[in-house]
Amino acid sequence: DMLTALYLILSALFVFLVWQVSKMKRDNYVLLLLLVLAGLFYDTLIIGIGKFVGEGDLLKTLNAGRFYVHALLTPTMMIFGFGVLRKAGVKWAQSRTAHIILCVITTLLIGLGAYSDILQLDLQTKVVADVLRYTNEGGIKGPPLPAILSIIFLIVAGISLWRNTGWMWLAIGAVVMFIAAGAGMGDMFYIGNLGEVILGFANVSTAKKFLS
């Protein structure tokens, strides 16, 4: 039951992060972070309760929501990272053109994710250890491009922030997430979720520093 317990702990950590962000003053970048963290809470919770719900239409529908969340919300982390750079006074992030280009790229990545994980969604049962979940056997084969490009952007943003302000946590969180995403393929998928929690803590501490 170790893996189920791990996912229930991860979902509790995301609740903590959501609570931390909900206390911050509202702005669009903070709101994006709140939505992504709420989505990751949902993702880990549904994996954690899978074996209790049991195989069938209900769990399948709940799992579909996991893919919707990732497709629609993951790329918005790029806008959050860009927002932090703007508030921190990083030069290249101040131009309107850079903002427009970033928003266009984010929109394209959301479109790509929606095509692969919503329009082409083909859910199949997957059991690893004591965890019962559904995975997408449809969609675009290979690594999830929108997620990978979003993480790479956060690494670049984090390094920019580190160089300009001395704040290193966004860069470190994003690098850990990138490594975890690579290591978390196949049956080791939970490593990717551990990376998401670490990146979540890095994002929240960064938001508190520059957005609150």
# chains A, B, ... in the order shown; residues from 1 in each chain; ligands from 1
>>> residues_around(residues="A:Val36", least_positions_apart="5", cutoff="10 Å", atoms="only C-alpha atoms", output="MDAnalysis selection string")
chainID A and resid 18 31 41:42 69:70 72:77 200
>>> residues_around(residues="A:Ala88", least_positions_apart="2", cutoff="9 Å", atoms="only C-alpha atoms", output="list in words")
Gly83, Val84, Leu85, Arg86, Val90, Leu161, Asn164, Thr165, Phe210 and Leu211 of chain A
>>> write_last_selection(atoms="C-alpha atoms", output="CSV table (one decimal), in the first residue's frame")
chain,number,residue,atom,x,y,z
A,83,GLY,CA,5.2,37.2,-14.6
A,84,VAL,CA,7.7,36.6,-11.9
A,85,LEU,CA,10.5,37.9,-14.2
A,86,ARG,CA,8.5,41.0,-14.9
A,90,VAL,CA,14.4,41.3,-15.3
A,161,LEU,CA,16.0,35.3,-12.0
A,164,ASN,CA,19.4,39.1,-11.8
A,165,THR,CA,18.3,38.8,-8.2
A,210,PHE,CA,8.2,38.5,-6.0
A,211,LEU,CA,4.4,38.6,-6.4
>>> select_by_dssp(residues="stretch 18-212 of chain A", states="helix (DSSP H, G or I)", output="MDAnalysis selection string")
chainID A and resid 18:22 28:53 57:73 76:87 91:93 96:119 145:165 169:183 186:188 190:210
>>> residues_around(residues="stretch 195-197 of chain A", least_positions_apart="5", cutoff="7 Å", atoms="only C-alpha atoms", output="list in words")
Val176, Met177 and Ala180 of chain A
>>> residues_around(residues="A:Thr135", least_positions_apart="4", cutoff="8 Å", atoms="only C-alpha atoms", output="MDAnalysis selection string")
chainID A and resid 122:126
>>> residues_around(residues="stretch 5-13 of chain A", least_positions_apart="4", cutoff="7 Å", atoms="only C-alpha atoms", output="list in words")
Asp1, Leu17, Phe41, Thr44, Leu45, Ile47 and Gly48 of chain A
>>> write_last_selection(atoms="C-alpha atoms", output="mmCIF file, in the first residue's frame")
data_model
loop_
_atom_site.group_PDB
_atom_site.id
_atom_site.type_symbol
_atom_site.label_atom_id
_atom_site.label_comp_id
_atom_site.auth_asym_id
_atom_site.auth_seq_id
_atom_site.Cartn_x
_atom_site.Cartn_y
_atom_site.Cartn_z
ATOM 1 C CA ASP A 1 0.000 0.000 0.000
ATOM 2 C CA LEU A 17 0.460 24.735 -1.253
ATOM 3 C CA PHE A 41 -3.960 18.204 -6.171
ATOM 4 C CA THR A 44 -2.563 13.077 -7.242
ATOM 5 C CA LEU A 45 -5.811 12.574 -5.310
ATOM 6 C CA ILE A 47 -4.415 8.370 -8.467
ATOM 7 C CA GLY A 48 -4.376 7.935 -4.676
#
>>> residues_around(residues="A:Gly54", least_positions_apart="6", cutoff="12 Å", atoms="only C-alpha atoms", output="ChimeraX atom specification")
/A:46-48,60,62-63,125-127,130-134
>>> closest_residue(among="A:Thr206, A:Ala93, A:Phe201, A:Leu32", to="A:Val15", atoms="only C-alpha atoms")
A:Phe201
>>> atom_distance(atom1="atom CA of A:Trp167", atom2="atom CA of A:Leu35")
23.8 Å
>>> select_by_dssp(residues="chain A", states="strand (DSSP E)", output="list in words")
Leu123, Gln124, Thr125, Lys126, Val127, Val128, Val131, Leu132, Arg133, Tyr134, Thr135 and Asn136 of chain A
>>> write_last_selection(atoms="all heavy atoms", output="compact mmCIF listing (two decimals), in the first residue's frame")
# COMPACT_ATOMS: atom_id res chain seq x y z
N LEU A 123 -8.54 6.05 -22.83
CA LEU A 123 -8.15 5.63 -21.48
C LEU A 123 -8.14 4.11 -21.34
O LEU A 123 -9.09 3.44 -21.71
CB LEU A 123 -9.11 6.22 -20.45
CG LEU A 123 -8.98 7.74 -20.24
CD1 LEU A 123 -10.09 8.24 -19.33
CD2 LEU A 123 -7.63 8.11 -19.67
N GLN A 124 -7.01 3.60 -20.82
CA GLN A 124 -6.87 2.16 -20.58
C GLN A 124 -6.40 1.94 -19.14
O GLN A 124 -5.59 2.72 -18.63
CB GLN A 124 -5.85 1.55 -21.55
CG GLN A 124 -6.21 1.72 -23.03
CD GLN A 124 -7.47 1.00 -23.43
OE1 GLN A 124 -7.83 0.00 -22.83
NE2 GLN A 124 -8.17 1.51 -24.44
N THR A 125 -6.92 0.87 -18.53
CA THR A 125 -6.56 0.56 -17.15
C THR A 125 -5.07 0.27 -17.01
O THR A 125 -4.48 -0.39 -17.87
CB THR A 125 -7.31 -0.69 -16.66
OG1 THR A 125 -8.64 -0.60 -17.08
CG2 THR A 125 -7.26 -0.81 -15.15
N LYS A 126 -4.50 0.79 -15.93
CA LYS A 126 -3.08 0.52 -15.65
C LYS A 126 -2.94 0.30 -14.14
O LYS A 126 -3.36 1.14 -13.36
CB LYS A 126 -2.24 1.72 -16.10
CG LYS A 126 -0.75 1.52 -15.96
CD LYS A 126 -0.15 1.10 -17.28
CE LYS A 126 1.36 1.05 -17.16
NZ LYS A 126 2.01 0.76 -18.40
N VAL A 127 -2.38 -0.84 -13.76
CA VAL A 127 -2.16 -1.12 -12.33
C VAL A 127 -0.66 -1.25 -12.10
O VAL A 127 0.02 -2.03 -12.77
CB VAL A 127 -2.87 -2.43 -11.90
CG1 VAL A 127 -2.61 -2.70 -10.41
CG2 VAL A 127 -4.36 -2.35 -12.17
N VAL A 128 -0.14 -0.44 -11.18
CA VAL A 128 1.26 -0.55 -10.77
C VAL A 128 1.26 -0.63 -9.24
O VAL A 128 0.72 0.25 -8.57
CB VAL A 128 2.09 0.67 -11.22
CG1 VAL A 128 3.51 0.58 -10.67
CG2 VAL A 128 2.13 0.76 -12.75
N VAL A 131 -1.61 0.78 -7.00
CA VAL A 131 -2.25 1.97 -7.59
C VAL A 131 -3.00 1.59 -8.87
O VAL A 131 -2.42 1.00 -9.79
CB VAL A 131 -1.21 3.07 -7.88
CG1 VAL A 131 -1.76 4.11 -8.83
CG2 VAL A 131 -0.79 3.75 -6.58
N LEU A 132 -4.28 1.95 -8.90
CA LEU A 132 -5.12 1.71 -10.09
C LEU A 132 -5.43 3.06 -10.72
O LEU A 132 -5.98 3.95 -10.08
CB LEU A 132 -6.42 1.01 -9.67
CG LEU A 132 -7.55 0.95 -10.70
CD1 LEU A 132 -7.15 0.14 -11.92
CD2 LEU A 132 -8.81 0.35 -10.07
N ARG A 133 -5.03 3.24 -11.97
CA ARG A 133 -5.32 4.49 -12.68
C ARG A 133 -5.56 4.16 -14.14
O ARG A 133 -5.38 3.02 -14.58
CB ARG A 133 -4.16 5.48 -12.52
CG ARG A 133 -2.90 5.02 -13.19
CD ARG A 133 -1.66 5.79 -12.76
NE ARG A 133 -0.50 5.08 -13.29
CZ ARG A 133 0.27 5.51 -14.30
NH1 ARG A 133 0.06 6.68 -14.85
NH2 ARG A 133 1.26 4.78 -14.74
N TYR A 134 -5.95 5.17 -14.89
CA TYR A 134 -6.11 5.02 -16.34
C TYR A 134 -5.06 5.88 -17.02
O TYR A 134 -4.78 7.00 -16.59
CB TYR A 134 -7.51 5.48 -16.77
CG TYR A 134 -8.60 4.48 -16.46
CD1 TYR A 134 -9.19 4.43 -15.20
CD2 TYR A 134 -9.05 3.57 -17.42
CE1 TYR A 134 -10.20 3.52 -14.89
CE2 TYR A 134 -10.05 2.65 -17.13
CZ TYR A 134 -10.62 2.63 -15.87
OH TYR A 134 -11.61 1.72 -15.58
N THR A 135 -4.46 5.33 -18.08
CA THR A 135 -3.48 6.10 -18.85
C THR A 135 -4.01 6.32 -20.26
O THR A 135 -4.89 5.59 -20.72
CB THR A 135 -2.12 5.37 -18.91
OG1 THR A 135 -2.34 4.06 -19.46
CG2 THR A 135 -1.49 5.24 -17.53
N ASN A 136 -3.46 7.33 -20.93
CA ASN A 136 -3.90 7.64 -22.29
C ASN A 136 -3.07 6.85 -23.29
O ASN A 136 -1.88 7.09 -23.45
CB ASN A 136 -3.75 9.15 -22.55
CG ASN A 136 -4.27 9.54 -23.93
OD1 ASN A 136 -4.97 8.77 -24.57
ND2 ASN A 136 -3.93 10.74 -24.38
>>> residues_around(residues="A:Phe80", least_positions_apart="6", cutoff="8 Å", atoms="only C-alpha atoms", output="ChimeraX atom specification")
/A:29-30,32-33
>>> closest_residue(among="A:Asn28, A:Gln94, A:Asn193, A:Ser116", to="A:Gly139", atoms="only C-alpha atoms")
A:Ser116
>>> decode(residues="stretch 11-45 of chain A", atoms="N, CA, C and O atoms", output="short mmCIF file (atom, residue, chain, number, x, y, z; two decimals), in the first residue's frame")
data_model
loop_
_atom_site.label_atom_id
_atom_site.label_comp_id
_atom_site.auth_asym_id
_atom_site.auth_seq_id
_atom_site.Cartn_x
_atom_site.Cartn_y
_atom_site.Cartn_z
N SER A 11 -1.06 14.53 -2.36
CA SER A 11 -2.26 15.36 -2.52
C SER A 11 -2.43 16.28 -1.31
O SER A 11 -2.83 17.43 -1.45
N ALA A 12 -2.06 15.80 -0.11
CA ALA A 12 -2.12 16.65 1.09
C ALA A 12 -1.11 17.80 0.99
O ALA A 12 -1.42 18.94 1.39
N LEU A 13 0.07 17.53 0.44
CA LEU A 13 1.07 18.59 0.25
C LEU A 13 0.56 19.65 -0.74
O LEU A 13 0.78 20.85 -0.54
N PHE A 14 -0.15 19.21 -1.78
CA PHE A 14 -0.72 20.18 -2.72
C PHE A 14 -1.82 21.02 -2.07
O PHE A 14 -1.96 22.20 -2.36
N VAL A 15 -2.60 20.41 -1.16
CA VAL A 15 -3.60 21.18 -0.40
C VAL A 15 -2.90 22.28 0.40
O VAL A 15 -3.35 23.44 0.42
N PHE A 16 -1.78 21.93 1.04
CA PHE A 16 -0.99 22.92 1.79
C PHE A 16 -0.54 24.06 0.88
O PHE A 16 -0.64 25.24 1.23
N LEU A 17 -0.03 23.71 -0.31
CA LEU A 17 0.46 24.73 -1.25
C LEU A 17 -0.69 25.62 -1.75
O LEU A 17 -0.53 26.84 -1.85
N VAL A 18 -1.83 25.01 -2.06
CA VAL A 18 -3.01 25.78 -2.49
C VAL A 18 -3.40 26.77 -1.39
O VAL A 18 -3.69 27.94 -1.65
N TRP A 19 -3.39 26.30 -0.15
CA TRP A 19 -3.75 27.15 0.99
C TRP A 19 -2.77 28.32 1.11
O TRP A 19 -3.18 29.47 1.33
N GLN A 20 -1.47 28.04 0.93
CA GLN A 20 -0.45 29.09 1.00
C GLN A 20 -0.70 30.17 -0.07
O GLN A 20 -0.62 31.37 0.21
N VAL A 21 -0.98 29.72 -1.28
CA VAL A 21 -1.19 30.67 -2.38
C VAL A 21 -2.51 31.43 -2.22
O VAL A 21 -2.60 32.61 -2.54
N SER A 22 -3.53 30.75 -1.68
CA SER A 22 -4.84 31.41 -1.52
C SER A 22 -4.78 32.58 -0.55
O SER A 22 -5.63 33.47 -0.59
N LYS A 23 -3.75 32.61 0.32
CA LYS A 23 -3.60 33.71 1.26
C LYS A 23 -2.89 34.92 0.64
O LYS A 23 -2.85 35.99 1.23
N MET A 24 -2.29 34.72 -0.55
CA MET A 24 -1.57 35.82 -1.19
C MET A 24 -2.53 36.79 -1.85
O MET A 24 -3.66 36.44 -2.14
N LYS A 25 -2.03 38.01 -2.10
CA LYS A 25 -2.90 38.97 -2.77
C LYS A 25 -3.14 38.53 -4.21
O LYS A 25 -2.25 38.00 -4.86
N ARG A 26 -4.36 38.75 -4.66
CA ARG A 26 -4.77 38.24 -5.96
C ARG A 26 -4.15 39.05 -7.11
O ARG A 26 -4.30 40.25 -7.17
N ASP A 27 -3.45 38.38 -7.98
CA ASP A 27 -3.16 38.96 -9.29
C ASP A 27 -3.19 37.81 -10.28
O ASP A 27 -3.30 36.65 -9.90
N ASN A 28 -3.14 38.11 -11.57
CA ASN A 28 -3.35 37.07 -12.59
C ASN A 28 -2.30 35.95 -12.51
O ASN A 28 -2.62 34.78 -12.73
N TYR A 29 -1.07 36.33 -12.20
CA TYR A 29 -0.01 35.32 -12.13
C TYR A 29 -0.21 34.40 -10.92
O TYR A 29 0.01 33.19 -11.00
N VAL A 30 -0.62 34.98 -9.81
CA VAL A 30 -0.91 34.18 -8.61
C VAL A 30 -2.08 33.24 -8.88
O VAL A 30 -2.08 32.08 -8.48
N LEU A 31 -3.09 33.77 -9.60
CA LEU A 31 -4.27 32.96 -9.93
C LEU A 31 -3.90 31.76 -10.80
O LEU A 31 -4.41 30.65 -10.59
N LEU A 32 -3.01 31.97 -11.76
CA LEU A 32 -2.55 30.85 -12.61
C LEU A 32 -1.87 29.78 -11.77
O LEU A 32 -2.12 28.59 -11.94
N LEU A 33 -1.02 30.22 -10.84
CA LEU A 33 -0.33 29.26 -9.96
C LEU A 33 -1.34 28.49 -9.12
O LEU A 33 -1.24 27.27 -8.96
N LEU A 34 -2.35 29.20 -8.62
CA LEU A 34 -3.39 28.56 -7.80
C LEU A 34 -4.13 27.49 -8.59
O LEU A 34 -4.37 26.38 -8.10
N LEU A 35 -4.47 27.80 -9.85
CA LEU A 35 -5.19 26.84 -10.71
C LEU A 35 -4.34 25.60 -10.98
O LEU A 35 -4.83 24.47 -10.90
N VAL A 36 -3.06 25.82 -11.28
CA VAL A 36 -2.17 24.68 -11.57
C VAL A 36 -2.01 23.79 -10.35
O VAL A 36 -2.11 22.55 -10.44
N LEU A 37 -1.83 24.39 -9.18
CA LEU A 37 -1.66 23.61 -7.95
C LEU A 37 -2.94 22.85 -7.60
O LEU A 37 -2.89 21.69 -7.17
N ALA A 38 -4.09 23.50 -7.82
CA ALA A 38 -5.38 22.82 -7.58
C ALA A 38 -5.52 21.64 -8.54
O ALA A 38 -6.00 20.56 -8.16
N GLY A 39 -5.08 21.82 -9.80
CA GLY A 39 -5.11 20.74 -10.78
C GLY A 39 -4.21 19.58 -10.39
O GLY A 39 -4.57 18.41 -10.54
N LEU A 40 -3.03 19.90 -9.85
CA LEU A 40 -2.09 18.84 -9.43
C LEU A 40 -2.61 18.12 -8.18
O LEU A 40 -2.38 16.92 -8.02
N PHE A 41 -3.30 18.85 -7.31
CA PHE A 41 -3.96 18.20 -6.17
C PHE A 41 -4.97 17.17 -6.69
O PHE A 41 -5.00 16.03 -6.23
N TYR A 42 -5.78 17.58 -7.66
CA TYR A 42 -6.78 16.68 -8.24
C TYR A 42 -6.10 15.44 -8.85
O TYR A 42 -6.51 14.30 -8.61
N ASP A 43 -5.04 15.69 -9.59
CA ASP A 43 -4.30 14.61 -10.28
C ASP A 43 -3.81 13.56 -9.27
O ASP A 43 -4.05 12.36 -9.43
N THR A 44 -3.13 14.02 -8.22
CA THR A 44 -2.56 13.08 -7.24
C THR A 44 -3.66 12.41 -6.41
O THR A 44 -3.55 11.23 -6.07
N LEU A 45 -4.71 13.15 -6.11
CA LEU A 45 -5.81 12.57 -5.31
C LEU A 45 -6.50 11.43 -6.07
O LEU A 45 -6.74 10.37 -5.50
#
